[in-house]
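Engineer: The structure file query-v3.txt (compact mmCIF, C-alpha atoms) is provided below.
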```txt
# COMPACT_ATOMS: atom_id res chain seq x y z
CA MET A 7 79.51 -161.14 -193.69
CA ALA A 8 79.53 -160.05 -197.33
CA GLY A 9 77.19 -157.08 -197.77
CA LYS A 10 74.46 -156.00 -195.41
CA ARG A 11 72.20 -158.92 -194.52
CA SER A 12 68.47 -158.22 -194.34
CA ILE A 13 66.34 -159.39 -191.44
CA VAL A 14 62.58 -159.11 -191.13
CA LEU A 15 61.75 -158.91 -187.43
CA GLY A 16 58.17 -159.95 -186.73
CA VAL A 17 56.85 -158.54 -183.47
CA THR A 18 53.69 -159.91 -181.84
CA ALA A 19 51.60 -158.89 -178.82
CA SER A 20 53.55 -160.39 -175.95
CA ILE A 21 54.51 -158.40 -172.87
CA ALA A 22 58.11 -159.28 -173.87
CA ILE A 23 57.75 -156.84 -176.79
CA TYR A 24 60.00 -154.36 -175.00
CA LYS A 25 62.90 -156.76 -175.56
CA ALA A 26 62.34 -156.50 -179.32
CA CYS A 27 63.64 -152.93 -179.02
CA ASP A 28 66.97 -154.25 -177.75
CA ILE A 29 66.98 -156.92 -180.47
CA VAL A 30 66.61 -154.20 -183.14
CA ARG A 31 69.36 -152.11 -181.54
CA ARG A 32 71.78 -155.03 -181.32
CA LEU A 33 71.09 -156.32 -184.83
CA LYS A 34 71.54 -152.84 -186.26
CA SER A 35 74.84 -152.40 -184.40
CA ALA A 36 75.92 -155.76 -185.91
CA ALA A 37 75.38 -154.19 -189.39
CA PHE A 38 72.14 -155.95 -190.28
CA SER A 39 69.39 -154.20 -192.21
CA ILE A 40 66.18 -154.51 -190.17
CA SER A 41 62.58 -154.34 -191.39
CA VAL A 42 60.16 -154.52 -188.48
CA VAL A 43 56.72 -156.01 -189.10
CA MET A 44 54.24 -155.57 -186.27
CA THR A 45 50.96 -157.39 -185.84
CA ARG A 46 47.98 -155.10 -185.22
CA GLU A 47 47.69 -156.48 -181.69
CA SER A 48 51.32 -155.59 -180.92
CA GLU A 49 50.53 -151.94 -181.66
CA GLU A 50 48.40 -151.97 -178.51
CA LEU A 51 51.57 -152.48 -176.47
CA ILE A 52 54.12 -150.28 -178.26
CA LYS A 53 53.88 -147.72 -181.04
CA PRO A 54 55.54 -148.33 -184.44
CA ILE A 55 57.47 -145.04 -184.12
CA VAL A 56 59.65 -146.66 -181.45
CA PHE A 57 60.80 -149.38 -183.85
CA GLN A 58 61.14 -146.86 -186.68
CA SER A 59 63.45 -144.74 -184.55
CA LEU A 60 65.55 -147.73 -183.50
CA SER A 61 65.77 -149.37 -186.93
CA GLY A 62 65.99 -146.21 -189.02
CA SER A 63 63.49 -147.82 -191.40
CA LYS A 64 59.78 -147.87 -192.10
CA VAL A 65 57.80 -150.16 -189.83
CA TYR A 66 55.20 -152.35 -191.53
CA CYS A 67 51.90 -153.09 -189.81
CA GLY A 68 48.88 -153.75 -191.95
CA LEU A 69 48.41 -156.06 -194.87
CA PHE A 70 46.45 -153.39 -196.70
CA ASP A 71 48.34 -150.25 -195.66
CA MET A 72 49.17 -147.94 -198.56
CA PRO A 73 52.68 -148.83 -199.77
CA GLU A 74 55.30 -146.09 -200.29
CA SER A 75 56.04 -147.50 -203.73
CA TRP A 76 54.10 -149.88 -205.91
CA GLN A 77 55.20 -153.21 -204.52
CA ILE A 78 53.26 -156.00 -202.97
CA GLU A 79 54.85 -155.58 -199.57
CA HIS A 80 54.52 -159.08 -198.20
CA VAL A 81 56.16 -160.49 -201.34
CA SER A 82 58.89 -157.84 -201.57
CA LEU A 83 59.74 -158.16 -197.85
CA ALA A 84 59.72 -161.96 -198.13
CA ASP A 85 62.01 -161.83 -201.19
CA LYS A 86 64.58 -159.43 -199.73
CA ALA A 87 64.85 -161.19 -196.36
CA ASP A 88 67.91 -163.27 -195.61
CA LEU A 89 66.13 -164.33 -192.40
CA ILE A 90 62.74 -163.91 -190.75
CA LEU A 91 62.94 -163.62 -186.95
CA ILE A 92 59.73 -163.57 -184.91
CA ALA A 93 60.50 -162.31 -181.42
CA PRO A 94 58.46 -162.31 -179.32
CA ALA A 95 56.21 -164.97 -180.83
CA THR A 96 52.83 -165.59 -179.21
CA ALA A 97 50.95 -168.88 -179.19
CA ASN A 98 48.59 -167.24 -181.68
CA ILE A 99 51.26 -166.55 -184.31
CA VAL A 100 52.76 -170.03 -183.88
CA ALA A 101 49.31 -171.58 -184.39
CA LYS A 102 48.55 -169.43 -187.44
CA ILE A 103 51.86 -170.27 -189.13
CA ALA A 104 51.48 -173.99 -188.33
CA SER A 105 47.99 -173.93 -189.83
CA GLY A 106 48.98 -171.98 -192.93
CA ILE A 107 46.75 -169.05 -192.00
CA CYS A 108 47.73 -165.87 -193.80
CA ASP A 109 45.44 -163.19 -192.43
CA ASP A 110 47.96 -160.48 -191.60
CA LEU A 111 51.17 -159.05 -193.04
CA LEU A 112 53.51 -161.15 -190.90
CA THR A 113 51.89 -164.51 -191.69
CA CYS A 114 51.80 -163.62 -195.40
CA ILE A 115 55.52 -162.79 -195.34
CA VAL A 116 56.30 -166.10 -193.63
CA ALA A 117 54.23 -167.98 -196.22
CA ALA A 118 55.91 -166.16 -199.11
CA THR A 119 59.55 -166.36 -198.02
CA LYS A 120 62.25 -168.82 -198.98
CA ALA A 121 64.46 -167.48 -196.18
CA PRO A 122 64.99 -169.35 -192.93
CA VAL A 123 62.46 -168.54 -190.19
CA LEU A 124 63.46 -168.36 -186.52
CA ILE A 125 60.74 -168.19 -183.88
CA ALA A 126 61.33 -167.09 -180.29
CA PRO A 127 58.22 -167.89 -178.24
CA ALA A 128 57.14 -165.79 -175.26
CA MET A 129 53.94 -166.67 -173.44
CA ASN A 130 52.42 -167.95 -170.23
CA GLU A 131 53.71 -171.36 -169.12
CA ASN A 132 50.28 -172.99 -169.46
CA MET A 133 49.96 -171.66 -173.01
CA TYR A 134 53.48 -172.83 -173.89
CA LYS A 135 52.94 -176.31 -172.44
CA ASN A 136 49.47 -176.64 -173.99
CA LYS A 137 49.32 -179.79 -176.14
CA ILE A 138 48.12 -177.84 -179.16
CA THR A 139 50.95 -175.28 -178.87
CA GLN A 140 53.51 -178.06 -178.45
CA SER A 141 52.04 -179.88 -181.45
CA ASN A 142 52.26 -176.69 -183.52
CA ILE A 143 55.89 -176.19 -182.49
CA SER A 144 56.73 -179.82 -183.33
CA LYS A 145 55.03 -179.49 -186.71
CA LEU A 146 56.94 -176.30 -187.55
CA LYS A 147 60.24 -177.83 -186.42
CA SER A 148 59.59 -180.84 -188.68
CA LEU A 149 59.06 -178.41 -191.57
CA GLY A 150 62.43 -176.73 -190.96
CA TYR A 151 61.43 -173.72 -188.88
CA GLY A 152 63.97 -172.85 -186.21
CA PHE A 153 63.06 -172.17 -182.60
CA ILE A 154 64.91 -170.23 -179.94
CA GLU A 155 63.51 -171.89 -176.86
CA PRO A 156 61.96 -169.79 -174.08
CA ARG A 157 63.54 -169.76 -170.66
CA THR A 158 62.18 -170.21 -167.17
CA GLY A 159 61.62 -167.01 -165.23
CA LYS A 160 59.09 -164.58 -163.80
CA LEU A 161 56.08 -164.44 -166.14
CA ALA A 162 53.77 -161.46 -166.70
CA CYS A 163 51.03 -163.23 -164.71
CA GLY A 164 53.28 -163.16 -161.64
CA SER A 165 54.16 -166.83 -161.46
CA THR A 166 57.51 -168.38 -162.31
CA GLY A 167 57.72 -170.87 -165.15
CA ILE A 168 58.82 -171.57 -168.70
CA GLY A 169 57.68 -169.11 -171.34
CA CYS A 170 59.98 -166.12 -170.92
CA LEU A 171 61.53 -164.85 -174.15
CA ALA A 172 65.08 -166.15 -174.57
CA GLU A 173 67.78 -163.70 -173.53
CA VAL A 174 68.55 -161.12 -176.21
CA GLU A 175 72.17 -162.30 -176.43
CA GLU A 176 70.97 -165.84 -177.18
CA ILE A 177 68.60 -164.56 -179.89
CA ILE A 178 71.37 -162.54 -181.57
CA LYS A 179 73.71 -165.55 -181.40
CA GLU A 180 71.08 -167.79 -183.06
CA VAL A 181 70.43 -165.20 -185.79
CA LYS A 182 74.14 -165.07 -186.62
CA ARG A 183 74.34 -168.88 -186.57
CA ALA A 184 71.36 -169.19 -188.93
CA LEU A 185 72.99 -166.80 -191.41
CA ARG A 186 76.35 -168.57 -191.61
```
Will you turn the file into structure tokens for me?

Structural biologist:
Amino acid sequence: MAGKRSIVLGVTASIAIYKACDIVRRLKSAAFSISVVMTRESEELIKPIVFQSLSGSKVYCGLFDMPESWQIEHVSLADKADLILIAPATANIVAKIASGICDDLLTCIVAATKAPVLIAPAMNENMYKNKITQSNISKLKSLGYGFIEPRTGKLACGSTGIGCLAEVEEIIKEVKRALR
């Protein structure tokens, strides 16, 4: 790996958000530069300071937050990224990206980047299997977006089914593969 590769980690409001902490830790230990972008809804589950402490970098949340320097953040983050990883990715973020909706910082970064985008879904089995969600995933795959498939396991609702975030080791492996 020549030079430090830059990854934008998009974090959405899934109960699997706690695993994003381990993803940051493992990517940082593998010498990646990490910029965490949280959706506003994800801030209801975990505070940005946690990701700031783990990444050693500013955490980005709002599209209209005051920038530290005069840069249009969604464009500058999109330009510097070697890869965009969204983990965990809710049905909502998948639908917004598939529809071209850019109403938050993360969706604007995805729309503005030329870097590969990897999406790791985490949601209830019914939401994951929903025909609209599956159509959105198929559409994004046809457009070149990568997916790290969810696994079967115990879901937040208490049932067992597909929709659990892929294992962290698998996510790290797919990130490294995408950057080869």

Engineer: Counting only C-alpha atoms, figure out which residue out of A:Asn98, A:Asp28, A:Ser35, A:Met133 gets nearest to Lys10 (chain A).

Structural biologist: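 Residue with the minimum atom-to-atom distance to Lys10 (chain A): A:Ser35.
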
Engineer: Would you mind listing what lies within 7 Å of Glu155 (chain A) as a PyMOL selection string, with all atoms listed in the file counted and same-chain residues fewer than 5 positions away left out?

Structural biologist: chain A and resi 126-127+172

Engineer: Those same residues - C-alpha atoms - I'd like them written as a compact mmCIF listing (two decimals), keeping the file's coordinate frame.

Structural biologist:
```txt
# COMPACT_ATOMS: atom_id res chain seq x y z
CA ALA A 126 61.33 -167.09 -180.29
CA PRO A 127 58.22 -167.89 -178.24
CA ALA A 172 65.08 -166.15 -174.57
```

Engineer: Near Ala93 (chain A), counting only C-alpha atoms, which residues have an atom at most 12 Å away, once you skip same-chain residues fewer than 4 positions from it, shown as an MDAnalysis selection string?

Structural biologist: chainID A and resid 13:30 42:45 48 97 99:100 112 123:129 153:156 170:174 176:178 181

Engineer: Give as number ranges by chain each residue that has an atom at most 12 Å from (59.9, -157.2, -195.5) in the file, counting all atoms listed in the file.

Structural biologist: A: 12-16, 39-44, 63-67, 69, 73, 77-91, 111-116, 118-119, 121

Engineer: Could you work out how far CA of Asn130 (chain A) lies from CA of Thr158 (chain A), giving the answer in Å with one decimal?

Structural biologist: 10.5 Å

Engineer: CA of Ile143 (chain A) and CA of Ala104 (chain A), how far apart in Å?

Structural biologist: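 Separation between CA of Ala104 (chain A) and CA of Ile143 (chain A): 7.6 Å.
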
Engineer: Hey, can you check how far CA of Asn142 (chain A) sits from CA of Glu175 (chain A)?

Structural biologist: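 CA of Asn142 (chain A) sits 25.6 Å away from CA of Glu175 (chain A).
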
Engineer: Using all atoms listed in the file, can you tell me which of A:Asn136, A:Gln58, A:Ser141, A:Ser148 comes closest to Ile168 (chain A)?

Structural biologist: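 Of A:Asn136, A:Gln58, A:Ser141, A:Ser148, the one nearest Ile168 (chain A) is A:Asn136, counting all atoms listed in the file.
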
Engineer: Out of A:Leu60, A:Ala95, A:Ile52, A:Leu149, which residue has the shortest atom-to-atom distance to Gly169 (chain A) when counting all atoms listed in the file?

Structural biologist: A:Ala95

Engineer: For a quick check of understanding, using all atoms listed in the file, which of A:Gly167, A:Leu146, A:Gly159, A:Pro122 has the smallest distance to Ile103 (chain A)?

Structural biologist: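 Selected residue with least distance to Ile103 (chain A): A:Leu146.
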